[in-house]
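Novice: Quick one: this structure, given as structure tokens, is what I'll be asking you about.
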Amino acid sequence: MSEPLRLAVPRGALFADTLDLLDEIGVDSAPLRSGSRALLFPGERVTVVTMRPSDVPTYVEAGAVDLGITGKDVLLEQQERVVYELLDLGYGQCRMVVATRAGNRFADELERRLGAVRIATKYPRIASRWFEDSGRQAEVIEVKGSVELAPLAGLADAIVDLTASGRTLGENDLEVREVIADCTARLVANRVAHKLRQAEIDELVGRIDAR
Amino acid sequence: MSHPIPPGTRDILPDEMRELRALSNALLDTFAAHGYGEVWTPTMEYEDVLVKGDERAAGASYRLFDEHGQVLVLRSDMTIPIARLVATRFARVREPLRFCYLSHAYRAVTPQRGQQREFLQAGIELIGMDAPAGTVEVIEVLCAALDATDLPRARIGLGDAGLYRGLLDGMGVAPDAAFSVLAALELHDFVGLEGLVENLGVSDASRRTLTALPQLRGGAEVIDRAVELGGEDVRQATQRLRDVAAGVQDRGLADRIIFDLGLVRDLGYYTGAIFEVYDPALGHVIGGGGRYDELLGRFGDPRPACGFALFVERLHVAQAEEERRAREHGGGAA
């Protein structure tokens with residue numbers, strides 16, 4: 001069992017904090033900071049693989065990597081993927097919210113008169129679950145780009161999206177109506193690796209905990 | 001011309017089939033050598049019969065109507081059908097029964113490598129023999145089966161289906177709160193579990209036990225660590241697991257076992273020891289099983305029972321992957 005542990009690191013919003021974390025636990029992040037286009041960074045104890053945050057559960061579940069770091073938002077959206085959620089890493093704090101145009105009470109009225117609100121989101125499963133669980137009907141519209149556009153252009157009455165500071169929402173004249181979940185970065189593990197590489201994983205978790 | 005087949009099913013051509021057949025035969029030969037007789041049951045069962053064994057019919061997903069309007073399901077495992085068979089055909093035989101099978105089962109999973117909607121299982125059921133002796137025998141056959149499949153790095157995760165629930169009961173946790181905690185454990189969400197345990201209103205020591213215990217896995221010493229951590233509560237909750245541990249150590253099988261105090265299985269009929277089988281070449285479990293001492297009773301014929309099933313296609317993927325790795329590392333497994 002001398003192969004290094006493979007760790008999936010998310011590019012994007014969590015990247016910078018994740019690189020700091022790697023330095024703190026003794027994994028050299030210099031190659032990742034060099035602006036290299038490489039995707040895979042071999043190391044003695046830990047090999048780092050970089051990818052989109054939403055791909056992390058896929059790689060971890062399949063065992064293509066042993067461990068991964070991604071946002072709780074991604075894990076909630078991909079709840080059917082079997083991964084072990086080991087640690088709340090504390091950074092990347094943001095909230096999954098329902099937002100509508102500021103001062104707009106039409107959403108409630110539309111729900112009453114038309115039977116459903118239209119929700120634009122990149123998180124169709126979180127949005128559907130949230131409205132179902134609260135006994136409301138929603139027509140969930142999945143979009144890939146800027147979700148804020150949808151209520152402005154009249155595609156949807158409200159959005160379900162992730163917000164850190166709320167600035168993008170504010171700039172687009174949107175305001176938070178409901179908070180679905182608080183999200184932070186999480187460390188997840190493959191089910192088989194969690195058992196077969198127990199000592200190495202526990203040691204790494206211990207180092208992160210001791211930060 | 002291309003003619004589709006349903007997602008999650010596939011055709012198997014001679015090169016692959018030859019290897020699958022050899023693997024299947026090796027498993028059946030091993031089961032036979034341990035005194036297990038092969039049985040064959042219908043692929044379709046009546047839904048109202050299967051739900052006697054498990055209210056979700058063990059996750060059966062495909063249903064159809066027969067010509068009388070009765071609901072038929074494609075079986076999702078072999079354990080419930082064999083329990084039905086034993087209660088029906090062996091009602092008068094009180095000696096232990098040993099059966100094995102090589103059968104397809106069906107589940108609506110997301111198809112991916114080694115995980116299909118129609119899949120082949122090879123396994124055994126030992127009916128009428130109590131824990132721990134029956135459990136230890138089943139683990140012994142499982143070890144022999146893994147030897148026969150040429151997966152020396154494969155390991156068996158061994159836990160207890162009632163351990164964590166028993167611990168919560170022993171600490172006087174209310175059923176609703178216990179349900180939420182168990183749900184987090186089933187999702188393998190240790191972050192969520194820790195948050196829920198914080199709010200249970202139990203002592204600091206109990207809180208530490210409930211948070212740390214599901215993460216304990218490794219050699220038999222982890223059970224001692226758990227008892228050190230949680231004292232008398234844990235001693236009681238791990239009694240069955242310690243009995244099985246003593247049995248597998250007596251038989252010299254301990255090297256193959258990972259004792260896992262956080263192990264959970266998603267099927268509703270397990271009552272005591274539970275197993276999962278892992279190989280480092282595959283990210284998915286390659287088999288599983290456990291004790292189901294109450295299942296036969298649901299068919300009106302109470303007797304203790306235990307068994308396991310291996311996913312034959314996943315074993316095959318693991319074999320191929322182990323061979324590839326051995327070649328890449330210049331012979332000899334890494």
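Ligands are numbered from 1 in the order shown, chains are lettered A, B, ... in the order of the structure tokens, and residues start at 1 in each chain.
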Quick one: which residues from chain B are at most 8 Å off chain A, using only C-alpha atoms, as a list in words?

Specialist: Arg155, Gly157, Leu187, His188, Asp189, Phe190, Val191, Arg217, Gly218, Ile258, Tyr278, Asp279, Pro280, Leu282, Gly283, His284, Val285 and Ala334 of chain B

Novice: Counting only C-alpha atoms, give me one row per residue of range 4-105 of chain A with an atom at most 12 Å from an atom of range 116-135 of chain A, showing the shortest contact pair and its distance in Å to one decimal, sorted by chain then residue number, as CSV.

Specialist:
residue,atom,partner,partner_atom,distance
A:Ser54,CA,A:Tyr123,CA,10.8
A:Lys72,CA,A:Ile126,CA,11.4
A:Asp73,CA,A:Tyr123,CA,8.4
A:Val74,CA,A:Tyr123,CA,8.5
A:Leu75,CA,A:Ile126,CA,10.0
A:Leu76,CA,A:Ile126,CA,6.7
A:Glu77,CA,A:Ile126,CA,5.5
A:Gln78,CA,A:Arg125,CA,8.0
A:Gln79,CA,A:Arg125,CA,9.0
A:Glu80,CA,A:Arg125,CA,10.5
A:Met96,CA,A:Ile126,CA,9.0
A:Val97,CA,A:Ala127,CA,9.4
A:Val98,CA,A:Ala127,CA,8.5
A:Ala99,CA,A:Ile119,CA,9.5
A:Thr100,CA,A:Ile119,CA,9.5
A:Arg105,CA,A:Val117,CA,11.8

Novice: Could those residues be written to a file, using N, CA and C atoms, as a PDB file, in the first residue's frame?

Specialist:
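Done, and the output landed in again_25.pdb:
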ATOM      1  N   SER A  54     -18.139  20.177  -9.211  1.00  0.00           N
ATOM      2  CA  SER A  54     -19.287  19.277  -9.359  1.00  0.00           C
ATOM      3  C   SER A  54     -18.881  17.903  -9.870  1.00  0.00           C
ATOM      4  N   LYS A  72     -20.549  21.770   0.101  1.00  0.00           N
ATOM      5  CA  LYS A  72     -21.739  21.057   0.557  1.00  0.00           C
ATOM      6  C   LYS A  72     -22.871  21.203  -0.451  1.00  0.00           C
ATOM      7  N   ASP A  73     -22.905  22.329  -1.177  1.00  0.00           N
ATOM      8  CA  ASP A  73     -23.928  22.529  -2.202  1.00  0.00           C
ATOM      9  C   ASP A  73     -23.872  21.424  -3.252  1.00  0.00           C
ATOM     10  N   VAL A  74     -22.653  21.068  -3.653  1.00  0.00           N
ATOM     11  CA  VAL A  74     -22.480  20.008  -4.652  1.00  0.00           C
ATOM     12  C   VAL A  74     -22.947  18.668  -4.089  1.00  0.00           C
ATOM     13  N   LEU A  75     -22.602  18.413  -2.813  1.00  0.00           N
ATOM     14  CA  LEU A  75     -22.992  17.142  -2.193  1.00  0.00           C
ATOM     15  C   LEU A  75     -24.509  17.052  -2.050  1.00  0.00           C
ATOM     16  N   LEU A  76     -25.150  18.166  -1.702  1.00  0.00           N
ATOM     17  CA  LEU A  76     -26.613  18.162  -1.569  1.00  0.00           C
ATOM     18  C   LEU A  76     -27.266  17.910  -2.923  1.00  0.00           C
ATOM     19  N   GLU A  77     -26.693  18.503  -3.965  1.00  0.00           N
ATOM     20  CA  GLU A  77     -27.278  18.338  -5.291  1.00  0.00           C
ATOM     21  C   GLU A  77     -27.083  16.906  -5.803  1.00  0.00           C
ATOM     22  N   GLN A  78     -25.994  16.271  -5.370  1.00  0.00           N
ATOM     23  CA  GLN A  78     -25.702  14.908  -5.851  1.00  0.00           C
ATOM     24  C   GLN A  78     -25.837  13.899  -4.716  1.00  0.00           C
ATOM     25  N   GLN A  79     -26.915  14.030  -3.954  1.00  0.00           N
ATOM     26  CA  GLN A  79     -27.074  13.224  -2.744  1.00  0.00           C
ATOM     27  C   GLN A  79     -27.089  11.718  -3.000  1.00  0.00           C
ATOM     28  N   GLU A  80     -27.418  11.317  -4.241  1.00  0.00           N
ATOM     29  CA  GLU A  80     -27.495   9.882  -4.516  1.00  0.00           C
ATOM     30  C   GLU A  80     -26.105   9.251  -4.626  1.00  0.00           C
ATOM     31  N   MET A  96     -27.260  28.570   0.392  1.00  0.00           N
ATOM     32  CA  MET A  96     -28.150  28.224  -0.712  1.00  0.00           C
ATOM     33  C   MET A  96     -29.470  28.928  -0.406  1.00  0.00           C
ATOM     34  N   VAL A  97     -29.899  29.798  -1.307  1.00  0.00           N
ATOM     35  CA  VAL A  97     -31.068  30.626  -0.985  1.00  0.00           C
ATOM     36  C   VAL A  97     -32.113  30.613  -2.100  1.00  0.00           C
ATOM     37  N   VAL A  98     -33.314  31.006  -1.719  1.00  0.00           N
ATOM     38  CA  VAL A  98     -34.346  31.361  -2.693  1.00  0.00           C
ATOM     39  C   VAL A  98     -34.356  32.887  -2.756  1.00  0.00           C
ATOM     40  N   ALA A  99     -34.254  33.457  -3.957  1.00  0.00           N
ATOM     41  CA  ALA A  99     -34.263  34.914  -4.098  1.00  0.00           C
ATOM     42  C   ALA A  99     -35.252  35.326  -5.180  1.00  0.00           C
ATOM     43  N   THR A 100     -35.847  36.497  -4.974  1.00  0.00           N
ATOM     44  CA  THR A 100     -36.731  37.063  -5.996  1.00  0.00           C
ATOM     45  C   THR A 100     -36.316  38.513  -6.218  1.00  0.00           C
ATOM     46  N   ARG A 105     -43.483  40.805  -4.392  1.00  0.00           N
ATOM     47  CA  ARG A 105     -44.307  39.824  -3.677  1.00  0.00           C
ATOM     48  C   ARG A 105     -45.118  38.995  -4.675  1.00  0.00           C
TER      49      ARG A 105
END

Novice: Write out as number ranges by chain the residues lying within 9 Å of range 304-317 of chain B, counting only C-alpha atoms and excluding same-chain residues fewer than 3 positions away.

Specialist: B: 19-20, 23-24, 77-79, 101-102, 113-116, 119-131, 134-135, 138-139, 142, 149, 151, 270, 273, 275-277, 279, 281-282, 284-297, 320-322

Novice: Would you work out the distance separating CA of Leu216 in chain B from CA of Glu198 in chain B, expressed in Å to one decimal?

Specialist: 19.0 Å

Novice: Give me the residues near range 6-18 of chain A as a ChimeraX atom specification, where near means some atom within 9 Å (using only C-alpha atoms) and where sequence neighbours in that chain fewer than 6 positions away do not count.

Specialist: /A:33,42,45-56,59-60,64-71,91-92,185

Novice: Which residue out of B:Glu47, B:Ala318, B:Arg256, B:Ile5 has the minimum interatomic distance to Asp150 in chain B when only C-alpha atoms are used?

Specialist: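 Closest candidate: B:Ala318.
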
Novice: Between CA of Ala210 in chain A and CA of Glu194 in chain B, what distance in Å does the model show, to one decimal?

Specialist: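 Interatomic distance here is 17.3 Å.
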
Novice: Name the residues of range 83-160 of chain A that come out as alpha helix (DSSP H) in a backbone DSSP run; write them as a list in words.

Specialist: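 Across range 83-160 of chain A, those assigned alpha helix (DSSP H) are Phe106, Ala107, Asp108, Glu109, Leu110, Glu111, Arg112, Arg113, Leu114, Pro124, Arg125, Ile126, Ala127, Ser128, Arg129, Trp130, Phe131, Glu132, Asp133, Leu149, Ala150, Pro151, Leu152 and Ala153 of chain A.
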
Novice: Need to verify the contact set: range 171-177 of chain A, 10 Å, only C-alpha atoms, exclusion of same-chain residues closer than 6 positions in sequence. Can you return it as a list of chain:residue names?

Specialist: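 Residues meeting the cut-off are A:Met96, A:Val97, A:Val98, A:Ala99, A:Thr100, A:Arg101, A:Ala102, A:Gly103, A:Asn104, A:Glu148, A:Leu149, A:Pro151, A:Leu152, A:Ala158, A:Ile159, A:Val160, A:Asp161, A:Thr163.
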
Novice: What parts of range 60-184 of chain B does DSSP call strand (DSSP E or B)? I'd like the answer as a PyMOL selection string.

Specialist: chain B and resi 63-65+71-74+97-106+112+115+118-127+155-160

Novice: Emit the selected residues as a CSV table (one decimal), in the first residue's frame, including N, CA and C atoms.

Specialist:
chain,number,residue,atom,x,y,z
B,63,ARG,N,-41.7,-4.1,-12.1
B,63,ARG,CA,-42.9,-4.8,-11.8
B,63,ARG,C,-43.7,-4.9,-13.1
B,64,LEU,N,-44.4,-6.0,-13.2
B,64,LEU,CA,-45.3,-6.2,-14.3
B,64,LEU,C,-46.5,-7.0,-13.9
B,65,PHE,N,-47.6,-7.0,-14.7
B,65,PHE,CA,-48.8,-7.7,-14.4
B,65,PHE,C,-48.8,-9.0,-15.1
B,71,VAL,N,-49.5,-8.6,-9.4
B,71,VAL,CA,-48.2,-7.9,-9.7
B,71,VAL,C,-47.0,-8.8,-9.4
B,72,LEU,N,-46.2,-8.9,-10.5
B,72,LEU,CA,-44.9,-9.7,-10.4
B,72,LEU,C,-43.8,-8.7,-10.3
B,73,VAL,N,-42.7,-9.1,-9.6
B,73,VAL,CA,-41.5,-8.2,-9.6
B,73,VAL,C,-40.3,-9.1,-10.0
B,74,LEU,N,-39.4,-8.4,-10.6
B,74,LEU,CA,-38.1,-9.0,-10.8
B,74,LEU,C,-37.3,-9.0,-9.5
B,97,LEU,N,-29.6,-25.8,7.0
B,97,LEU,CA,-29.7,-25.9,5.6
B,97,LEU,C,-28.6,-25.0,4.9
B,98,ARG,N,-27.9,-25.6,3.9
B,98,ARG,CA,-26.9,-24.8,3.2
B,98,ARG,C,-27.2,-24.8,1.8
B,99,PHE,N,-27.4,-23.6,1.3
B,99,PHE,CA,-27.8,-23.4,-0.1
B,99,PHE,C,-26.8,-22.4,-0.8
B,100,CYS,N,-26.5,-22.5,-2.0
B,100,CYS,CA,-25.8,-21.5,-2.8
B,100,CYS,C,-26.5,-21.3,-4.1
B,101,TYR,N,-26.1,-20.2,-4.8
B,101,TYR,CA,-26.8,-19.8,-6.0
B,101,TYR,C,-25.9,-19.0,-6.9
B,102,LEU,N,-26.2,-19.0,-8.2
B,102,LEU,CA,-25.5,-18.1,-9.2
B,102,LEU,C,-26.7,-17.6,-10.0
B,103,SER,N,-27.1,-16.4,-9.7
B,103,SER,CA,-28.4,-15.9,-10.3
B,103,SER,C,-28.3,-14.4,-10.6
B,104,HIS,N,-29.1,-14.0,-11.6
B,104,HIS,CA,-29.3,-12.6,-11.9
B,104,HIS,C,-30.3,-12.0,-11.0
B,105,ALA,N,-30.1,-10.7,-10.6
B,105,ALA,CA,-31.1,-10.0,-9.9
B,105,ALA,C,-31.1,-8.6,-10.6
B,106,TYR,N,-32.1,-7.8,-10.1
B,106,TYR,CA,-32.4,-6.5,-10.9
B,106,TYR,C,-32.7,-5.4,-10.0
B,112,GLN,N,-23.1,2.1,-14.3
B,112,GLN,CA,-21.7,2.5,-14.5
B,112,GLN,C,-20.9,1.3,-14.4
B,115,GLN,N,-21.6,-1.8,-12.4
B,115,GLN,CA,-22.9,-1.7,-11.8
B,115,GLN,C,-24.0,-1.6,-12.8
B,118,GLU,N,-29.2,-5.3,-14.5
B,118,GLU,CA,-29.3,-6.7,-14.4
B,118,GLU,C,-27.9,-7.2,-14.0
B,119,PHE,N,-27.7,-7.8,-12.9
B,119,PHE,CA,-26.4,-8.2,-12.4
B,119,PHE,C,-26.4,-9.6,-11.9
B,120,LEU,N,-25.2,-10.2,-11.9
B,120,LEU,CA,-25.1,-11.6,-11.6
B,120,LEU,C,-24.5,-11.7,-10.1
B,121,GLN,N,-25.2,-12.5,-9.3
B,121,GLN,CA,-24.7,-12.7,-7.9
B,121,GLN,C,-24.4,-14.1,-7.7
B,122,ALA,N,-23.3,-14.4,-6.9
B,122,ALA,CA,-23.0,-15.7,-6.5
B,122,ALA,C,-22.9,-15.6,-5.0
B,123,GLY,N,-23.7,-16.5,-4.3
B,123,GLY,CA,-23.7,-16.4,-2.8
B,123,GLY,C,-24.2,-17.6,-2.1
B,124,ILE,N,-24.2,-17.6,-0.8
B,124,ILE,CA,-24.7,-18.7,0.0
B,124,ILE,C,-25.7,-18.2,1.0
B,125,GLU,N,-26.5,-19.1,1.5
B,125,GLU,CA,-27.3,-18.8,2.7
B,125,GLU,C,-27.2,-20.0,3.6
B,126,LEU,N,-26.9,-19.7,4.9
B,126,LEU,CA,-26.8,-20.8,5.9
B,126,LEU,C,-28.0,-20.6,6.8
B,127,ILE,N,-28.9,-21.5,6.8
B,127,ILE,CA,-30.2,-21.3,7.5
B,127,ILE,C,-30.3,-22.3,8.7
B,155,ARG,N,-10.7,-7.5,1.0
B,155,ARG,CA,-10.9,-7.6,2.4
B,155,ARG,C,-12.4,-7.6,2.7
B,156,ILE,N,-12.7,-8.1,3.9
B,156,ILE,CA,-14.1,-8.1,4.4
B,156,ILE,C,-14.3,-7.1,5.5
B,157,GLY,N,-15.2,-6.2,5.3
B,157,GLY,CA,-15.6,-5.2,6.3
B,157,GLY,C,-16.7,-5.9,7.2
B,158,LEU,N,-16.5,-6.0,8.5
B,158,LEU,CA,-17.4,-6.7,9.4
B,158,LEU,C,-17.9,-5.7,10.5
B,159,GLY,N,-19.2,-5.6,10.5
B,159,GLY,CA,-19.9,-4.7,11.5
B,159,GLY,C,-21.1,-5.4,12.1
B,160,ASP,N,-21.9,-4.6,12.7
B,160,ASP,CA,-23.1,-5.1,13.4
B,160,ASP,C,-24.3,-4.2,13.1

Novice: Grab the CA of Glu142 in chain A to CA of Gly154 in chain A distance for me, in Å with one decimal place.

Specialist: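 Those two atoms sit 14.4 Å apart.
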